[in-house]
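Peer 1: work-v9.csv is reproduced below (CSV, C-alpha atoms).
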```
chain,number,residue,atom,x,y,z
M,1,MET,CA,37.9,-45.9,-2.3
M,2,SER,CA,37.9,-46.0,1.5
M,3,PRO,CA,38.4,-42.6,3.3
M,4,ILE,CA,41.6,-41.9,5.0
M,5,PRO,CA,41.4,-42.8,8.7
M,6,GLY,CA,41.0,-39.6,10.8
M,7,SER,CA,40.0,-37.3,7.8
M,8,GLY,CA,36.6,-36.5,9.3
M,9,LEU,CA,38.3,-35.5,12.6
M,10,ALA,CA,40.7,-33.3,10.7
M,11,LYS,CA,37.9,-31.5,8.8
M,12,GLY,CA,36.1,-30.9,12.0
M,13,LEU,CA,39.2,-29.4,13.7
M,14,ALA,CA,39.8,-27.2,10.6
M,15,VAL,CA,36.3,-25.7,10.9
M,16,THR,CA,36.8,-25.2,14.6
M,17,LEU,CA,40.2,-23.5,14.1
M,18,ARG,CA,38.8,-21.3,11.3
M,19,THR,CA,35.9,-20.1,13.5
M,20,MET,CA,38.2,-19.4,16.5
M,21,THR,CA,40.3,-17.0,14.4
M,22,LYS,CA,37.3,-14.9,13.4
M,23,LYS,CA,36.2,-11.9,15.5
M,24,THR,CA,32.9,-12.4,17.3
M,25,VAL,CA,30.3,-9.7,16.4
M,26,THR,CA,27.4,-9.4,18.8
M,27,ALA,CA,24.4,-7.3,18.0
M,28,GLN,CA,23.8,-5.0,21.0
M,29,TYR,CA,20.0,-5.2,21.0
M,30,PRO,CA,18.0,-3.2,22.0
M,31,ASP,CA,20.6,-0.4,21.9
M,32,ALA,CA,21.3,-1.2,18.3
M,33,GLN,CA,18.2,-2.1,16.2
M,34,PRO,CA,18.6,-5.0,13.8
M,35,GLU,CA,18.6,-4.5,10.0
M,36,LEU,CA,15.5,-6.4,9.0
M,37,PRO,CA,14.7,-7.6,5.4
M,38,PRO,CA,12.0,-5.5,3.6
M,39,ARG,CA,9.5,-8.4,3.7
M,40,THR,CA,9.8,-9.1,7.4
M,41,ARG,CA,6.7,-10.5,9.0
M,42,GLY,CA,6.4,-8.5,12.2
M,43,VAL,CA,2.8,-7.4,12.7
M,44,ILE,CA,-0.3,-6.9,10.5
M,45,GLY,CA,-1.6,-3.4,9.8
M,46,LEU,CA,-5.2,-2.6,8.7
M,47,PHE,CA,-6.1,-0.1,6.1
M,48,GLU,CA,-9.7,0.3,7.2
M,49,GLU,CA,-10.9,2.4,4.2
M,50,ASN,CA,-10.3,-0.6,1.8
M,51,CYS,CA,-12.1,-3.2,4.0
M,52,THR,CA,-15.5,-4.2,2.6
M,53,VAL,CA,-16.2,-6.8,5.3
M,54,CYS,CA,-16.1,-9.7,2.8
M,55,MET,CA,-14.9,-12.0,5.7
M,56,LEU,CA,-12.4,-13.8,3.4
M,57,CYS,CA,-9.5,-13.2,5.8
M,58,ALA,CA,-11.5,-14.5,8.8
M,59,ARG,CA,-12.7,-17.6,6.9
M,60,GLU,CA,-9.3,-18.5,5.5
M,61,CYS,CA,-7.4,-18.0,8.7
M,62,PRO,CA,-6.2,-21.5,9.9
M,63,ASP,CA,-6.0,-20.3,13.5
M,64,TRP,CA,-9.3,-18.4,13.6
M,65,CYS,CA,-7.6,-15.5,15.2
M,66,ILE,CA,-9.4,-12.7,13.3
M,67,TYR,CA,-12.6,-11.3,14.7
M,68,ILE,CA,-14.9,-9.2,12.5
M,69,ASP,CA,-18.3,-7.6,13.4
M,70,SER,CA,-20.3,-5.5,11.1
M,71,HIS,CA,-23.8,-4.3,10.3
M,72,LYS,CA,-25.7,-3.3,7.2
M,73,GLU,CA,-26.8,0.2,6.3
M,74,THR,CA,-29.2,1.2,3.6
M,75,THR,CA,-28.3,4.2,1.4
M,76,PRO,CA,-31.0,6.1,-0.6
M,77,PRO,CA,-31.1,5.8,-4.4
M,78,ALA,CA,-28.7,8.1,-6.3
M,79,ALA,CA,-31.3,9.1,-8.8
M,80,PRO,CA,-35.1,9.4,-8.6
M,81,GLY,CA,-36.8,6.1,-9.3
M,82,GLY,CA,-33.7,4.1,-8.4
M,83,ARG,CA,-33.6,1.4,-5.7
M,84,GLU,CA,-32.0,1.6,-2.3
M,85,ARG,CA,-28.7,-0.1,-1.8
M,86,SER,CA,-27.2,-1.8,1.3
M,87,ARG,CA,-23.6,-1.8,2.3
M,88,ASN,CA,-21.6,-3.4,5.1
M,89,VAL,CA,-20.2,-1.1,7.8
M,90,LEU,CA,-17.2,-2.4,9.9
M,91,ASP,CA,-17.8,-2.4,13.6
M,92,ARG,CA,-14.9,-4.4,14.9
M,93,PHE,CA,-11.7,-5.8,13.3
M,94,ALA,CA,-9.3,-7.5,15.7
M,95,ILE,CA,-6.4,-9.9,15.4
M,96,ASP,CA,-5.3,-12.1,18.3
M,97,PHE,CA,-1.5,-12.3,17.9
M,98,SER,CA,-1.2,-14.8,20.7
M,99,LEU,CA,-2.8,-17.3,18.3
M,100,CYS,CA,-1.5,-16.0,14.9
M,101,MET,CA,1.2,-18.1,13.3
M,102,TYR,CA,2.1,-15.4,10.8
M,103,CYS,CA,1.4,-17.4,7.8
M,104,GLY,CA,0.2,-14.4,5.8
M,105,ILE,CA,-2.8,-16.1,4.3
M,106,CYS,CA,-5.2,-13.3,5.4
M,107,ILE,CA,-3.0,-10.7,3.5
M,108,GLU,CA,-2.8,-12.8,0.4
M,109,VAL,CA,-6.6,-13.6,0.1
M,110,CYS,CA,-7.7,-10.0,0.8
M,111,PRO,CA,-9.0,-8.8,-2.6
M,112,PHE,CA,-9.0,-5.1,-1.7
M,113,ASP,CA,-5.5,-4.6,-0.2
M,114,ALA,CA,-6.8,-3.9,3.3
M,115,LEU,CA,-4.1,-5.9,5.2
M,116,PHE,CA,-0.3,-5.3,5.1
M,117,TRP,CA,2.8,-6.6,6.8
M,118,SER,CA,4.8,-4.3,9.0
M,119,PRO,CA,8.3,-5.2,10.1
M,120,GLU,CA,7.6,-4.0,13.7
M,121,PHE,CA,8.1,-6.8,16.2
M,122,GLU,CA,8.4,-5.0,19.6
M,123,TYR,CA,4.9,-5.5,20.9
M,124,ALA,CA,5.4,-8.1,23.6
M,125,GLU,CA,3.0,-7.9,26.5
M,126,THR,CA,3.0,-9.3,30.1
M,127,ASP,CA,-0.8,-9.9,29.8
M,128,ILE,CA,-1.8,-12.3,27.0
M,129,ARG,CA,-5.1,-10.4,26.6
M,130,GLU,CA,-3.2,-7.3,25.4
M,131,LEU,CA,-2.0,-9.3,22.3
M,132,THR,CA,-5.5,-8.9,20.8
M,133,HIS,CA,-5.2,-5.8,18.7
M,134,GLU,CA,-8.4,-4.0,17.9
M,135,ARG,CA,-8.9,-2.0,14.7
M,136,ASP,CA,-7.5,1.3,16.2
M,137,LYS,CA,-4.3,-0.4,17.1
M,138,LEU,CA,-4.1,-2.2,13.7
M,139,ARG,CA,-4.6,1.1,12.0
M,140,GLU,CA,-1.6,2.6,13.9
M,141,TRP,CA,0.6,-0.2,12.6
M,142,MET,CA,-0.1,1.1,9.1
M,143,TRP,CA,2.2,4.0,9.7
M,144,THR,CA,5.1,1.5,10.0
M,145,VAL,CA,4.4,-0.4,6.8
M,146,PRO,CA,7.3,0.2,4.4
M,147,ALA,CA,6.6,1.7,0.9
M,148,PRO,CA,6.3,-0.8,-1.9
M,149,PRO,CA,9.5,-1.5,-3.9
M,150,ALA,CA,10.0,0.5,-7.1
M,151,LEU,CA,8.9,-1.1,-10.3
M,152,ASP,CA,11.3,-2.6,-12.8
M,153,PRO,CA,12.3,0.2,-15.3
M,154,ALA,CA,11.5,-2.2,-18.1
M,155,ALA,CA,8.1,-3.1,-16.7
M,156,GLU,CA,4.8,-2.0,-18.3
M,157,GLU,CA,3.2,1.0,-16.9
M,158,PRO,CA,0.1,0.2,-14.7
M,159,LYS,CA,-3.2,0.8,-16.5
M,160,GLU,CA,-4.4,3.1,-13.7
M,161,ILE,CA,-1.4,5.4,-14.0
M,162,ALA,CA,-1.5,5.4,-17.8
M,163,ALA,CA,-5.2,6.4,-17.8
M,164,ALA,CA,-4.6,9.1,-15.2
M,165,ARG,CA,-1.6,10.5,-17.2
M,166,LYS,CA,-3.7,10.5,-20.5
M,167,ALA,CA,-6.5,12.3,-18.7
M,168,ALA,CA,-4.1,14.9,-17.3
M,169,GLU,CA,-2.5,15.5,-20.7
M,170,LYS,CA,-6.0,15.9,-22.4
M,171,LEU,CA,-7.0,18.4,-19.7
M,172,ALA,CA,-3.8,20.4,-20.1
M,173,ALA,CA,-4.3,20.5,-23.9
M,174,ALA,CA,-7.8,21.7,-23.5
M,175,GLN,CA,-6.8,24.4,-21.1
M,176,ALA,CA,-4.0,25.6,-23.4
M,177,ALA,CA,-6.4,25.7,-26.4
M,178,SER,CA,-8.9,27.8,-24.4
M,179,ALA,CA,-6.2,30.2,-23.3
M,180,ALA,CA,-4.8,30.8,-26.8
M,181,PRO,CA,-5.9,34.0,-28.7
M,182,ALA,CA,-8.5,33.6,-31.4
M,183,GLU,CA,-7.2,33.7,-35.0
M,184,PRO,CA,-9.0,35.9,-37.6
M,185,ALA,CA,-11.4,34.1,-39.9
M,186,PRO,CA,-9.9,33.2,-43.4
M,187,GLY,CA,-10.5,35.8,-46.1
M,188,LYS,CA,-11.1,38.7,-43.8
M,189,VAL,CA,-8.5,41.5,-44.0
M,190,THR,CA,-7.6,43.1,-40.7
M,191,PRO,CA,-7.1,46.9,-41.2
M,192,THR,CA,-3.7,48.1,-40.1
M,193,GLU,CA,-2.7,51.4,-38.8
M,194,PRO,CA,-0.7,53.6,-41.3
M,195,ALA,CA,2.9,54.1,-40.6
M,196,PRO,CA,4.0,57.6,-39.5
M,197,GLY,CA,4.1,59.9,-42.5
M,198,GLU,CA,1.8,57.8,-44.7
M,199,ALA,CA,-1.7,58.7,-45.7
M,200,ALA,CA,-4.6,56.6,-44.5
M,201,PRO,CA,-6.2,54.3,-47.2
M,202,PRO,CA,-9.4,55.6,-48.6
M,203,ALA,CA,-12.6,54.3,-47.1
M,204,GLY,CA,-13.8,51.0,-48.5
M,205,GLU,CA,-10.4,50.1,-49.9
M,206,GLY,CA,-9.5,47.7,-47.1
M,207,ASP,CA,-12.9,46.1,-47.0
M,208,GLN,CA,-12.5,44.3,-50.3
M,209,ALA,CA,-12.1,40.5,-50.1
```
How would this structure read if it were set down as structure tokens?
Peer 2:
Amino acid sequence: MSPIPGSGLAKGLAVTLRTMTKKTVTAQYPDAQPELPPRTRGVIGLFEENCTVCMLCARECPDWCIYIDSHKETTPPAAPGGRERSRNVLDRFAIDFSLCMYCGICIEVCPFDALFWSPEFEYAETDIRELTHERDKLREWMWTVPAPPALDPAAEEPKEIAAARKAAEKLAAAQAASAAPAEPAPGKVTPTEPAPGEAAPPAGEGDQA
């Protein structure tokens, strides 16, 4: 069936008329901040304590915009006769946001949760060199990282939380048991004081089993 001549023009005019009758709403940025989705990719924050200098983020970055420097330190053995251990110490962690394409691969491949997305996006600079954020600046962005969403009420409790809760309950039970008064041994009769007006029992009478 062939379309009616002019039906496409009529549909286009209908859309135009419907749009013209609606009130235009303009976001008055920067006076009014936009409402961003919780998973907005604004800037990357670094949680330095979790970084083990495994270099996975720098190797997997398709733009090579992550710069990491480190050195090794030797720690003495924990017990006599043990061997010394070496660990990596982070010296520099920088991200060049003039090259970053915000793909999020570095955050996904990090095995120790050291990188996080922050919704902050107001970090434009007039000098392109200022877009390379060193680790101190990346650490400041961690204060703007939103809290993780709440778990599904029907979801299984994480193993770490379950283990911590059981340990706390066990400790509380042990403290309650140590604070409870000691009970007399079975078979031993505890002497009682005579009531007013009653004679005391003869010696040896209350010591019988």
Peer 1: Quick one: distance from atom CA of M:Ala172 to atom CA of M:Leu151 in Å, one decimal?
Peer 2: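 For atom CA of M:Ala172 relative to atom CA of M:Leu151, the distance reads 26.8 Å.
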Peer 1: Would you list the contacts of M:Arg129 as a list in words, taking every protein, DNA or RNA residue within 10 Å and counting all atoms listed in the file, but skipping same-chain residues closer than 2 positions in sequence?
Peer 2: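 In the requested format, the answer is Asp96, Phe97, Ser98, Glu125, Thr126, Asp127, Leu131, Thr132 and His133 of chain M.
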Peer 1: Could you list, with a cut-off of 12 Å and counting only C-alpha atoms, the residues of stretch 88-198 of chain M near stretch 32-36 of chain M, each shown with its nearest atom pair and the distance in Å rounded to one decimal, rows sorted by chain and ascending number, as JSON lines?
Peer 2:
```
{"residue": "M:Ser118", "atom": "CA", "partner": "M:Leu36", "partner_atom": "CA", "distance": 10.9}
{"residue": "M:Pro119", "atom": "CA", "partner": "M:Leu36", "partner_atom": "CA", "distance": 7.4}
{"residue": "M:Glu120", "atom": "CA", "partner": "M:Leu36", "partner_atom": "CA", "distance": 9.5}
{"residue": "M:Phe121", "atom": "CA", "partner": "M:Leu36", "partner_atom": "CA", "distance": 10.3}
{"residue": "M:Glu122", "atom": "CA", "partner": "M:Gln33", "partner_atom": "CA", "distance": 10.8}
{"residue": "M:Pro146", "atom": "CA", "partner": "M:Leu36", "partner_atom": "CA", "distance": 11.5}
```
Peer 1: Work out how far atom CA of M:Lys159 is from atom CA of M:Cys57, in Å to one decimal.
Peer 2: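 Going from atom CA of M:Cys57 over to atom CA of M:Lys159 covers 27.1 Å.
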Peer 1: Could you tell me how far atom CA of M:Lys137 sits from atom CA of M:Lys72, in Å to one decimal place?
Peer 2: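 Calculated distance between atom CA of M:Lys72 and atom CA of M:Lys137 is 23.8 Å.
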Peer 1: Counting all atoms listed in the file, which of M:Ile44, M:Ala10, M:Cys106, M:Val89 gets nearest to M:Tyr123?
Peer 2: M:Ile44
Peer 1: Which of these residues is nearest to M:Thr144, using all atoms listed in the file: M:Pro62, M:Gly6, M:Pro38, M:Gly104?
Peer 2: M:Pro38
Peer 1: Just want the 12 Å neighbourhood of M:Glu84, counted on only C-alpha atoms, with same-chain residues fewer than 5 positions away dropped. Output as a list in words.
Peer 2: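 Neighbouring residues, sequence-local ones excluded: Glu73, Thr74, Thr75, Pro76, Pro77, Ala78 and Ala79 of chain M.
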Peer 1: For the residues in the current selection, export C-alpha atoms as a PDB file, in the coordinates of the input.
Peer 2:
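Output file part.pdb is given in full below:
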```pdb
ATOM      1  CA  GLU M  73     -26.800   0.200   6.300  1.00  0.00           C
ATOM      2  CA  THR M  74     -29.200   1.200   3.600  1.00  0.00           C
ATOM      3  CA  THR M  75     -28.300   4.200   1.400  1.00  0.00           C
ATOM      4  CA  PRO M  76     -31.000   6.100  -0.600  1.00  0.00           C
ATOM      5  CA  PRO M  77     -31.100   5.800  -4.400  1.00  0.00           C
ATOM      6  CA  ALA M  78     -28.700   8.100  -6.300  1.00  0.00           C
ATOM      7  CA  ALA M  79     -31.300   9.100  -8.800  1.00  0.00           C
TER       8      ALA M  79
END
```
Peer 1: Distance cut-off 7 Å, centre (-8.6, -8.4, 17.0) in file coordinates, counting all atoms listed in the file: which residues qualify? Return them as number ranges by chain.
Peer 2: M: 66-67, 93-96, 132-135
